[in-house]
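S.K.: The following file, query18.cif, comprises mmCIF, C-alpha atoms:
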data_model
loop_
_atom_site.group_PDB
_atom_site.id
_atom_site.type_symbol
_atom_site.label_atom_id
_atom_site.label_comp_id
_atom_site.auth_asym_id
_atom_site.auth_seq_id
_atom_site.Cartn_x
_atom_site.Cartn_y
_atom_site.Cartn_z
ATOM 1 C CA MET A 1 70.562 28.537 27.553
ATOM 2 C CA PRO A 2 73.135 30.607 25.647
ATOM 3 C CA LYS A 3 73.302 29.595 22.027
ATOM 4 C CA THR A 4 76.997 28.788 22.176
ATOM 5 C CA GLU A 5 76.542 26.345 25.031
ATOM 6 C CA LEU A 6 73.769 24.512 23.259
ATOM 7 C CA SER A 7 75.792 24.296 20.059
ATOM 8 C CA ALA A 8 78.830 23.077 21.964
ATOM 9 C CA THR A 9 76.763 20.412 23.676
ATOM 10 C CA LEU A 10 75.161 19.223 20.457
ATOM 11 C CA SER A 11 78.440 19.276 18.524
ATOM 12 C CA ALA A 12 80.161 17.312 21.239
ATOM 13 C CA LEU A 13 77.383 14.742 21.160
ATOM 14 C CA ALA A 14 77.237 14.519 17.372
ATOM 15 C CA ASP A 15 79.969 11.865 17.421
ATOM 16 C CA ARG A 16 79.231 8.193 18.032
ATOM 17 C CA ASN A 17 82.403 7.564 20.062
ATOM 18 C CA ARG A 18 81.776 10.520 22.302
ATOM 19 C CA ARG A 19 78.236 9.331 22.924
ATOM 20 C CA ALA A 20 79.710 5.960 23.859
ATOM 21 C CA VAL A 21 81.994 7.715 26.356
ATOM 22 C CA ILE A 22 78.958 9.458 27.840
ATOM 23 C CA ASP A 23 77.145 6.133 28.121
ATOM 24 C CA LEU A 24 80.090 4.612 29.978
ATOM 25 C CA LEU A 25 80.386 7.556 32.337
ATOM 26 C CA LYS A 26 76.671 7.450 33.033
ATOM 27 C CA GLN A 27 77.289 4.208 34.881
ATOM 28 C CA GLN A 28 80.190 5.538 36.949
ATOM 29 C CA PRO A 29 83.274 7.763 36.786
ATOM 30 C CA ARG A 30 86.141 6.012 35.002
ATOM 31 C CA ARG A 31 89.816 6.298 34.168
ATOM 32 C CA ALA A 32 90.884 7.057 30.622
ATOM 33 C CA GLY A 33 92.465 3.613 30.329
ATOM 34 C CA GLU A 34 89.188 1.900 31.178
ATOM 35 C CA ILE A 35 87.309 3.977 28.621
ATOM 36 C CA ALA A 36 89.863 3.349 25.898
ATOM 37 C CA ALA A 37 89.741 -0.394 26.530
ATOM 38 C CA ALA A 38 85.947 -0.522 26.601
ATOM 39 C CA LEU A 39 85.638 1.360 23.310
ATOM 40 C CA SER A 40 88.719 -0.071 21.558
ATOM 41 C CA LEU A 41 90.050 3.434 20.946
ATOM 42 C CA THR A 42 93.724 4.320 20.754
ATOM 43 C CA PRO A 43 94.898 6.620 23.573
ATOM 44 C CA PRO A 44 95.422 9.576 21.200
ATOM 45 C CA ALA A 45 91.938 9.144 19.696
ATOM 46 C CA LEU A 46 90.372 8.924 23.130
ATOM 47 C CA SER A 47 92.306 11.983 24.278
ATOM 48 C CA ARG A 48 90.848 14.003 21.453
ATOM 49 C CA HIS A 49 87.316 12.935 22.331
ATOM 50 C CA LEU A 50 87.825 13.592 26.035
ATOM 51 C CA ARG A 51 89.169 17.045 25.216
ATOM 52 C CA VAL A 52 86.051 17.924 23.203
ATOM 53 C CA LEU A 53 83.789 16.616 25.945
ATOM 54 C CA ARG A 54 85.722 18.536 28.595
ATOM 55 C CA ARG A 55 85.677 21.799 26.640
ATOM 56 C CA SER A 56 81.947 21.535 26.116
ATOM 57 C CA GLY A 57 81.515 21.029 29.848
ATOM 58 C CA LEU A 58 79.904 17.618 29.548
ATOM 59 C CA ILE A 59 82.604 15.927 31.621
ATOM 60 C CA ASP A 60 85.310 16.969 34.020
ATOM 61 C CA GLU A 61 88.424 15.277 35.322
ATOM 62 C CA GLN A 62 89.677 14.769 38.808
ATOM 63 C CA GLY A 63 93.023 13.708 40.158
ATOM 64 C CA VAL A 64 93.484 10.863 42.581
ATOM 65 C CA GLU A 65 95.397 11.606 45.735
ATOM 66 C CA ALA A 66 97.185 8.311 45.797
ATOM 67 C CA ASP A 67 98.539 8.630 42.268
ATOM 68 C CA ALA A 68 99.080 11.981 40.598
ATOM 69 C CA ARG A 69 99.235 10.353 37.152
ATOM 70 C CA VAL A 70 95.694 8.995 37.286
ATOM 71 C CA ARG A 71 92.786 11.112 36.112
ATOM 72 C CA ILE A 72 89.185 10.127 36.732
ATOM 73 C CA TYR A 73 86.529 11.346 34.289
ATOM 74 C CA ARG A 74 82.918 11.912 35.260
ATOM 75 C CA LEU A 75 79.781 13.536 33.815
ATOM 76 C CA ARG A 76 78.735 17.043 34.730
ATOM 77 C CA LYS A 77 75.008 17.294 35.203
ATOM 78 C CA GLN A 78 74.534 20.922 34.237
ATOM 79 C CA PRO A 79 74.743 20.725 30.423
ATOM 80 C CA PHE A 80 72.452 17.721 30.428
ATOM 81 C CA ASP A 81 69.923 19.610 32.510
ATOM 82 C CA GLN A 82 70.140 22.526 30.100
ATOM 83 C CA LEU A 83 69.762 20.284 27.091
ATOM 84 C CA ARG A 84 66.854 18.526 28.699
ATOM 85 C CA GLY A 85 65.162 21.858 29.256
ATOM 86 C CA TRP A 86 65.669 22.747 25.646
ATOM 87 C CA LEU A 87 64.431 19.364 24.389
ATOM 88 C CA GLY A 88 61.399 19.766 26.602
ATOM 89 C CA GLU A 89 60.669 23.085 24.982
ATOM 90 C CA VAL A 90 60.805 21.526 21.549
ATOM 91 C CA GLU A 91 58.725 18.547 22.594
ATOM 92 C CA SER A 92 56.103 20.921 23.904
ATOM 93 C CA PHE A 93 55.753 22.145 20.321
ATOM 94 C CA TRP A 94 53.934 18.962 19.310
ATOM 95 C CA THR A 95 52.104 18.748 22.610
ATOM 96 C CA GLY A 96 50.841 22.284 22.013
ATOM 97 C CA GLU A 97 49.735 21.507 18.478
ATOM 98 C CA LEU A 98 47.879 18.371 19.545
ATOM 99 C CA THR A 99 46.197 20.248 22.360
ATOM 100 C CA ALA A 100 45.093 22.902 19.870
ATOM 101 C CA PHE A 101 43.809 20.088 17.656
ATOM 102 C CA ARG A 102 41.839 18.535 20.502
ATOM 103 C CA ASP A 103 40.319 21.890 21.454
ATOM 104 C CA HIS A 104 39.317 22.470 17.855
ATOM 105 C CA VAL A 105 37.713 19.016 17.646
ATOM 106 C CA GLU A 106 35.679 19.711 20.769
ATOM 107 C CA ARG A 107 34.559 23.093 19.461
ATOM 108 C CA SER A 108 33.598 21.588 16.097
ATOM 109 C CA LYS A 109 31.688 18.835 17.815
ATOM 110 C CA ASN A 110 29.686 21.291 19.900
ATOM 111 C CA ARG A 111 28.950 23.354 16.811
ATOM 112 C CA ARG A 112 27.696 20.259 15.054
ATOM 113 C CA GLY A 113 25.325 19.516 17.903
ATOM 114 C CA GLY A 114 27.486 16.905 19.540
ATOM 115 C CA ALA A 115 27.105 14.476 16.652
ATOM 116 C CA ARG A 116 30.019 12.123 16.168
ATOM 117 C CA MET B 1 68.771 4.481 13.115
ATOM 118 C CA PRO B 2 68.543 4.306 16.892
ATOM 119 C CA ALA B 3 65.051 3.924 18.278
ATOM 120 C CA SER B 4 65.563 7.017 20.405
ATOM 121 C CA ASP B 5 65.680 9.162 17.280
ATOM 122 C CA VAL B 6 61.954 9.690 17.659
ATOM 123 C CA VAL B 7 59.567 12.142 19.270
ATOM 124 C CA THR B 8 56.192 10.672 20.197
ATOM 125 C CA VAL B 9 53.262 12.723 21.443
ATOM 126 C CA THR B 10 49.667 11.531 21.845
ATOM 127 C CA VAL B 11 46.292 13.081 22.516
ATOM 128 C CA THR B 12 42.807 11.575 22.818
ATOM 129 C CA VAL B 13 39.852 13.295 21.188
ATOM 130 C CA SER B 14 36.179 12.475 21.655
ATOM 131 C CA VAL B 15 35.236 11.758 18.044
ATOM 132 C CA GLU B 16 35.644 8.586 16.016
ATOM 133 C CA PRO B 17 38.682 8.046 13.779
ATOM 134 C CA PRO B 18 37.085 9.137 10.472
ATOM 135 C CA ALA B 19 36.092 12.492 11.978
ATOM 136 C CA ALA B 20 39.430 12.885 13.767
ATOM 137 C CA PHE B 21 41.319 12.149 10.549
ATOM 138 C CA ALA B 22 39.207 14.548 8.520
ATOM 139 C CA ILE B 23 39.506 17.368 11.037
ATOM 140 C CA PHE B 24 43.247 16.849 11.460
ATOM 141 C CA THR B 25 43.949 17.043 7.741
ATOM 142 C CA GLN B 26 41.191 19.172 6.196
ATOM 143 C CA GLU B 27 40.933 21.709 8.995
ATOM 144 C CA ILE B 28 44.607 21.992 9.856
ATOM 145 C CA ASP B 29 44.599 25.707 9.136
ATOM 146 C CA LEU B 30 41.856 26.169 11.728
ATOM 147 C CA TRP B 31 43.581 24.382 14.591
ATOM 148 C CA TRP B 32 47.321 24.735 13.998
ATOM 149 C CA ARG B 33 48.565 27.486 16.247
ATOM 150 C CA THR B 34 49.139 30.902 14.722
ATOM 151 C CA GLY B 35 51.889 33.447 15.191
ATOM 152 C CA PRO B 36 55.548 33.619 14.284
ATOM 153 C CA LYS B 37 56.466 30.667 16.461
ATOM 154 C CA PHE B 38 54.257 28.323 14.521
ATOM 155 C CA ARG B 39 53.927 29.674 11.006
ATOM 156 C CA ILE B 40 56.548 30.806 8.546
ATOM 157 C CA ALA B 41 54.686 33.897 7.492
ATOM 158 C CA GLY B 42 54.947 35.463 10.944
ATOM 159 C CA LYS B 43 52.797 38.578 11.242
ATOM 160 C CA ARG B 44 50.960 37.949 8.023
ATOM 161 C CA ARG B 45 49.006 34.802 8.703
ATOM 162 C CA GLY B 46 50.016 31.923 6.466
ATOM 163 C CA VAL B 47 47.419 29.384 5.350
ATOM 164 C CA LEU B 48 48.198 25.694 5.952
ATOM 165 C CA ARG B 49 46.888 22.974 3.689
ATOM 166 C CA PHE B 50 47.258 19.236 3.133
ATOM 167 C CA GLU B 51 46.580 17.961 -0.371
ATOM 168 C CA PRO B 52 44.621 14.846 0.634
ATOM 169 C CA TRP B 53 46.291 12.156 -1.464
ATOM 170 C CA LEU B 54 49.469 10.110 -1.682
ATOM 171 C CA GLY B 55 52.169 12.432 -2.970
ATOM 172 C CA GLY B 56 50.107 15.474 -1.988
ATOM 173 C CA ARG B 57 51.844 18.443 -0.430
ATOM 174 C CA PHE B 58 51.693 20.041 3.003
ATOM 175 C CA THR B 59 51.952 23.741 2.229
ATOM 176 C CA GLU B 60 51.902 27.145 3.824
ATOM 177 C CA GLU B 61 50.756 29.991 1.580
ATOM 178 C CA PHE B 62 51.460 33.553 2.548
ATOM 179 C CA GLU B 63 51.723 37.054 1.180
ATOM 180 C CA SER B 64 55.230 38.448 0.927
ATOM 181 C CA ALA B 65 56.563 41.772 -0.292
ATOM 182 C CA SER B 66 57.095 40.124 -3.660
ATOM 183 C CA GLY B 67 53.598 38.654 -3.837
ATOM 184 C CA PRO B 68 51.980 35.371 -2.826
ATOM 185 C CA GLN B 69 54.317 32.532 -1.970
ATOM 186 C CA VAL B 70 53.833 28.838 -1.302
ATOM 187 C CA PHE B 71 56.275 26.980 0.894
ATOM 188 C CA THR B 72 56.096 23.191 0.736
ATOM 189 C CA LYS B 73 56.585 21.952 4.264
ATOM 190 C CA GLY B 74 56.207 18.326 3.340
ATOM 191 C CA THR B 75 54.980 15.614 1.005
ATOM 192 C CA ILE B 76 52.543 12.868 1.934
ATOM 193 C CA THR B 77 54.233 9.473 1.762
ATOM 194 C CA VAL B 78 51.470 7.294 3.246
ATOM 195 C CA TRP B 79 47.776 8.109 2.950
ATOM 196 C CA GLN B 80 45.435 5.585 4.605
ATOM 197 C CA PRO B 81 42.363 7.374 5.953
ATOM 198 C CA PRO B 82 41.090 7.031 8.600
ATOM 199 C CA GLU B 83 43.974 5.117 10.176
ATOM 200 C CA ARG B 84 47.174 6.933 9.377
ATOM 201 C CA PHE B 85 49.112 9.236 7.166
ATOM 202 C CA HIS B 86 52.814 10.029 6.949
ATOM 203 C CA PHE B 87 54.613 12.991 5.510
ATOM 204 C CA ASP B 88 58.149 14.233 5.059
ATOM 205 C CA TRP B 89 58.701 17.458 6.944
ATOM 206 C CA ARG B 90 61.123 20.153 5.844
ATOM 207 C CA GLY B 91 62.109 23.299 7.673
ATOM 208 C CA VAL B 92 62.694 26.531 5.781
ATOM 209 C CA ASN B 93 66.419 26.162 6.423
ATOM 210 C CA PHE B 94 66.695 22.607 5.111
ATOM 211 C CA ALA B 95 68.838 21.825 2.084
ATOM 212 C CA PRO B 96 67.216 19.991 -0.825
ATOM 213 C CA GLY B 97 66.876 16.326 0.039
ATOM 214 C CA GLU B 98 66.921 16.907 3.780
ATOM 215 C CA SER B 99 63.781 16.059 5.652
ATOM 216 C CA THR B 100 62.424 14.370 8.719
ATOM 217 C CA GLN B 101 59.471 11.993 8.855
ATOM 218 C CA VAL B 102 56.170 12.548 10.622
ATOM 219 C CA GLU B 103 53.658 9.739 11.142
ATOM 220 C CA VAL B 104 50.166 10.473 12.402
ATOM 221 C CA ALA B 105 48.068 7.503 13.570
ATOM 222 C CA PHE B 106 44.380 7.450 14.510
ATOM 223 C CA GLU B 107 43.318 4.609 16.755
ATOM 224 C CA ALA B 108 39.799 3.944 18.032
ATOM 225 C CA VAL B 109 39.541 3.881 21.825
ATOM 226 C CA PRO B 110 36.379 3.668 23.979
ATOM 227 C CA THR B 111 36.317 7.423 24.492
ATOM 228 C CA GLY B 112 36.998 8.361 20.876
ATOM 229 C CA THR B 113 40.297 8.385 19.026
ATOM 230 C CA ARG B 114 43.852 8.323 20.232
ATOM 231 C CA VAL B 115 45.982 10.432 17.891
ATOM 232 C CA THR B 116 49.712 9.743 17.947
ATOM 233 C CA VAL B 117 52.307 11.912 16.248
ATOM 234 C CA ARG B 118 55.656 10.225 15.771
ATOM 235 C CA HIS B 119 58.402 12.465 14.440
ATOM 236 C CA ALA B 120 61.662 10.784 13.426
ATOM 237 C CA GLY B 121 64.768 11.353 11.387
ATOM 238 C CA TRP B 122 66.747 13.930 13.340
ATOM 239 C CA ALA B 123 69.834 11.805 13.579
ATOM 240 C CA ALA B 124 70.047 11.570 9.796
ATOM 241 C CA LEU B 125 70.566 15.307 9.438
ATOM 242 C CA PRO B 126 74.234 16.186 8.981
ATOM 243 C CA PRO B 127 76.082 17.199 12.152
ATOM 244 C CA ASP B 128 76.649 20.748 10.928
ATOM 245 C CA HIS B 129 73.002 21.209 10.010
ATOM 246 C CA PRO B 130 71.540 24.522 11.212
ATOM 247 C CA VAL B 131 69.007 22.572 13.204
ATOM 248 C CA ARG B 132 71.868 21.482 15.375
ATOM 249 C CA HIS B 133 73.669 24.782 15.466
ATOM 250 C CA GLY B 134 72.900 28.345 16.144
ATOM 251 C CA GLN B 135 69.171 28.072 16.477
ATOM 252 C CA GLU B 136 67.269 27.436 19.607
ATOM 253 C CA GLY B 137 63.855 27.514 21.134
ATOM 254 C CA PRO B 138 61.086 29.227 19.207
ATOM 255 C CA ALA B 139 63.201 30.156 16.196
ATOM 256 C CA PHE B 140 64.280 26.588 15.890
ATOM 257 C CA ILE B 141 60.750 25.302 16.199
ATOM 258 C CA ARG B 142 59.337 27.771 13.703
ATOM 259 C CA GLY B 143 62.013 26.927 11.187
ATOM 260 C CA CYS B 144 61.875 23.225 11.484
ATOM 261 C CA GLY B 145 59.533 21.876 14.091
ATOM 262 C CA LEU B 146 62.546 19.782 14.837
ATOM 263 C CA TRP B 147 64.676 18.668 17.625
ATOM 264 C CA TRP B 148 67.861 16.781 17.966
ATOM 265 C CA ALA B 149 66.807 13.746 19.873
ATOM 266 C CA GLU B 150 69.172 10.888 19.292
ATOM 267 C CA LEU B 151 70.084 10.762 22.942
ATOM 268 C CA MET B 152 66.750 11.793 24.315
ATOM 269 C CA THR B 153 66.122 8.539 26.113
ATOM 270 C CA SER B 154 69.438 8.391 27.878
ATOM 271 C CA PHE B 155 69.240 12.076 28.785
ATOM 272 C CA ARG B 156 65.924 11.470 30.427
ATOM 273 C CA GLU B 157 67.290 8.548 32.359
ATOM 274 C CA PHE B 158 70.278 10.565 33.383
ATOM 275 C CA THR B 159 68.534 13.767 34.367
ATOM 276 C CA SER B 160 65.298 12.498 35.813
#
Translate the structure described by the file into structure tokens.
M.R.:
Amino acid sequence: MPKTELSATLSALADRNRRAVIDLLKQQPRRAGEIAAALSLTPPALSRHLRVLRRSGLIDEQGVEADARVRIYRLRKQPFDQLRGWLGEVESFWTGELTAFRDHVERSKNRRGGAR
Amino acid sequence: MPASDVVTVTVTVSVEPPAAFAIFTQEIDLWWRTGPKFRIAGKRRGVLRFEPWLGGRFTEEFESASGPQVFTKGTITVWQPPERFHFDWRGVNFAPGESTQVEVAFEAVPTGTRVTVRHAGWAALPPDHPVRHGQEGPAFIRGCGLWWAELMTSFREFTS
């Protein structure tokens, strides 16, 4: 993943309110009004958070045919997939170390004649 | 601190807890992976060591152009052989006072010992910390052994 994308994703998620928005959108796409009400945010504050999330690619917005004023926000899967891949890489760090540890234990045990 | 601010990895080894504990701590330099991804020293092989007591240090010693150097990767905060030990973990790019917490537990199971590493404290690092910006993959791991995991659980739910 390009460095800038990862940083943008992590920066966008470094805010408690924006994580709350993500949690709400995980359940289903929602209108800004619904999100603002659920999180007790003022419309300007929510707008700022939505803008950051949109710029980082974590969410997008869609119009509604019936009403041009209404925007529906939903999660975009791609950045989460990328982040997951990156987290997996980091998690594998400890998995790798513990595997190396286990291999070393087995080698030591054989060297010591299998004694526990 | 949210419960998801934790990395947990386990492995089972076929020796009893006292041996597992001793090998994990006293022989860490023999089993910890080598190379620039895993040791600070990079090409010149650094030597890892736990000082086996409460308050003891977890260090990497290596030769640099300006002579031998010792980097303190952590300090032991709990020392209860053969059951567990905890240490604070610092990356080379951490500011003074910044650290994460690693807990290593050794639990007897019928086939030997289950070793669990629990690494917590990412969410407490400031948002503009280098761990969260500008470093990725191997460089990130070498520097810190860290990850940013506050939302790990929900990401897994969402992406799985």
S.K.: Rank nothing, just name the residue among B:Val115, B:Ile76, B:Val70, B:Leu48 nearest to chain A, using all atoms listed in the file.
M.R.: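 Closest candidate: B:Val115.
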S.K.: Can you list what the PyMOL selection byres ((chain B and resi 15) around 6) grabs from this structure, as a short mmCIF file (atom, residue, chain, number, x, y, z; two decimals) with C-alpha atoms, in the frame of the given file?
M.R.:
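Written out: expr31.cif:
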data_model
loop_
_atom_site.label_atom_id
_atom_site.label_comp_id
_atom_site.auth_asym_id
_atom_site.auth_seq_id
_atom_site.Cartn_x
_atom_site.Cartn_y
_atom_site.Cartn_z
CA ARG A 116 30.02 12.12 16.17
CA VAL B 13 39.85 13.30 21.19
CA SER B 14 36.18 12.48 21.66
CA GLU B 16 35.64 8.59 16.02
CA GLY B 112 37.00 8.36 20.88
#
S.K.: Any chance you could work out the residue set of the PyMOL selection byres ((chain A and resi 29) around 8) here, as a CSV table (one decimal) with C-alpha atoms, in the frame of the given file?
M.R.:
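Ended up saving to selection_27.csv:
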chain,number,residue,atom,x,y,z
A,25,LEU,CA,80.4,7.6,32.3
A,26,LYS,CA,76.7,7.4,33.0
A,27,GLN,CA,77.3,4.2,34.9
A,28,GLN,CA,80.2,5.5,36.9
A,30,ARG,CA,86.1,6.0,35.0
A,31,ARG,CA,89.8,6.3,34.2
A,72,ILE,CA,89.2,10.1,36.7
A,73,TYR,CA,86.5,11.3,34.3
A,74,ARG,CA,82.9,11.9,35.3
A,75,LEU,CA,79.8,13.5,33.8
S.K.: Given the PyMOL selection byres ((chain B and resi 30) around 12) and the file above, list the residues it selects as a compact mmCIF listing (two decimals) with C-alpha atoms, in the coordinates of the input.
M.R.:
# COMPACT_ATOMS: atom_id res chain seq x y z
CA GLU A 97 49.74 21.51 18.48
CA ALA A 100 45.09 22.90 19.87
CA PHE A 101 43.81 20.09 17.66
CA ARG A 102 41.84 18.54 20.50
CA ASP A 103 40.32 21.89 21.45
CA HIS A 104 39.32 22.47 17.86
CA VAL A 105 37.71 19.02 17.65
CA ARG A 107 34.56 23.09 19.46
CA SER A 108 33.60 21.59 16.10
CA ILE B 23 39.51 17.37 11.04
CA PHE B 24 43.25 16.85 11.46
CA THR B 25 43.95 17.04 7.74
CA GLN B 26 41.19 19.17 6.20
CA GLU B 27 40.93 21.71 8.99
CA ILE B 28 44.61 21.99 9.86
CA ASP B 29 44.60 25.71 9.14
CA TRP B 31 43.58 24.38 14.59
CA TRP B 32 47.32 24.74 14.00
CA ARG B 33 48.56 27.49 16.25
CA THR B 34 49.14 30.90 14.72
CA ARG B 45 49.01 34.80 8.70
CA GLY B 46 50.02 31.92 6.47
CA VAL B 47 47.42 29.38 5.35
CA LEU B 48 48.20 25.69 5.95
CA ARG B 49 46.89 22.97 3.69
S.K.: Take the point (81.3, 18.9, 22.7) as written in the file and pick out every residue within 10 Å of it, counting only C-alpha atoms; give the list as a ChimeraX atom specification.
M.R.: /A:5-15,18,49-59
S.K.: Mind pulling up the distance from CA of Lys73 (chain B) to CA of Phe106 (chain B)?
M.R.: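 That distance, rounded to one decimal, is 21.5 Å.
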S.K.: Given only C-alpha atoms as the basis, pick out the residue of A:Ala45, A:Ala20, A:Ala38, A:Ala32 nearest to Arg71 (chain A).
M.R.: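 Closest to Arg71 (chain A), using only C-alpha atoms: A:Ala32.
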S.K.: Using all atoms listed in the file, can you tell me which of A:Arg16, A:Ala37, A:Pro43, A:Ala68 comes closest to chain B?
M.R.: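 Counting all atoms listed in the file, the residue closest to chain B is A:Arg16.
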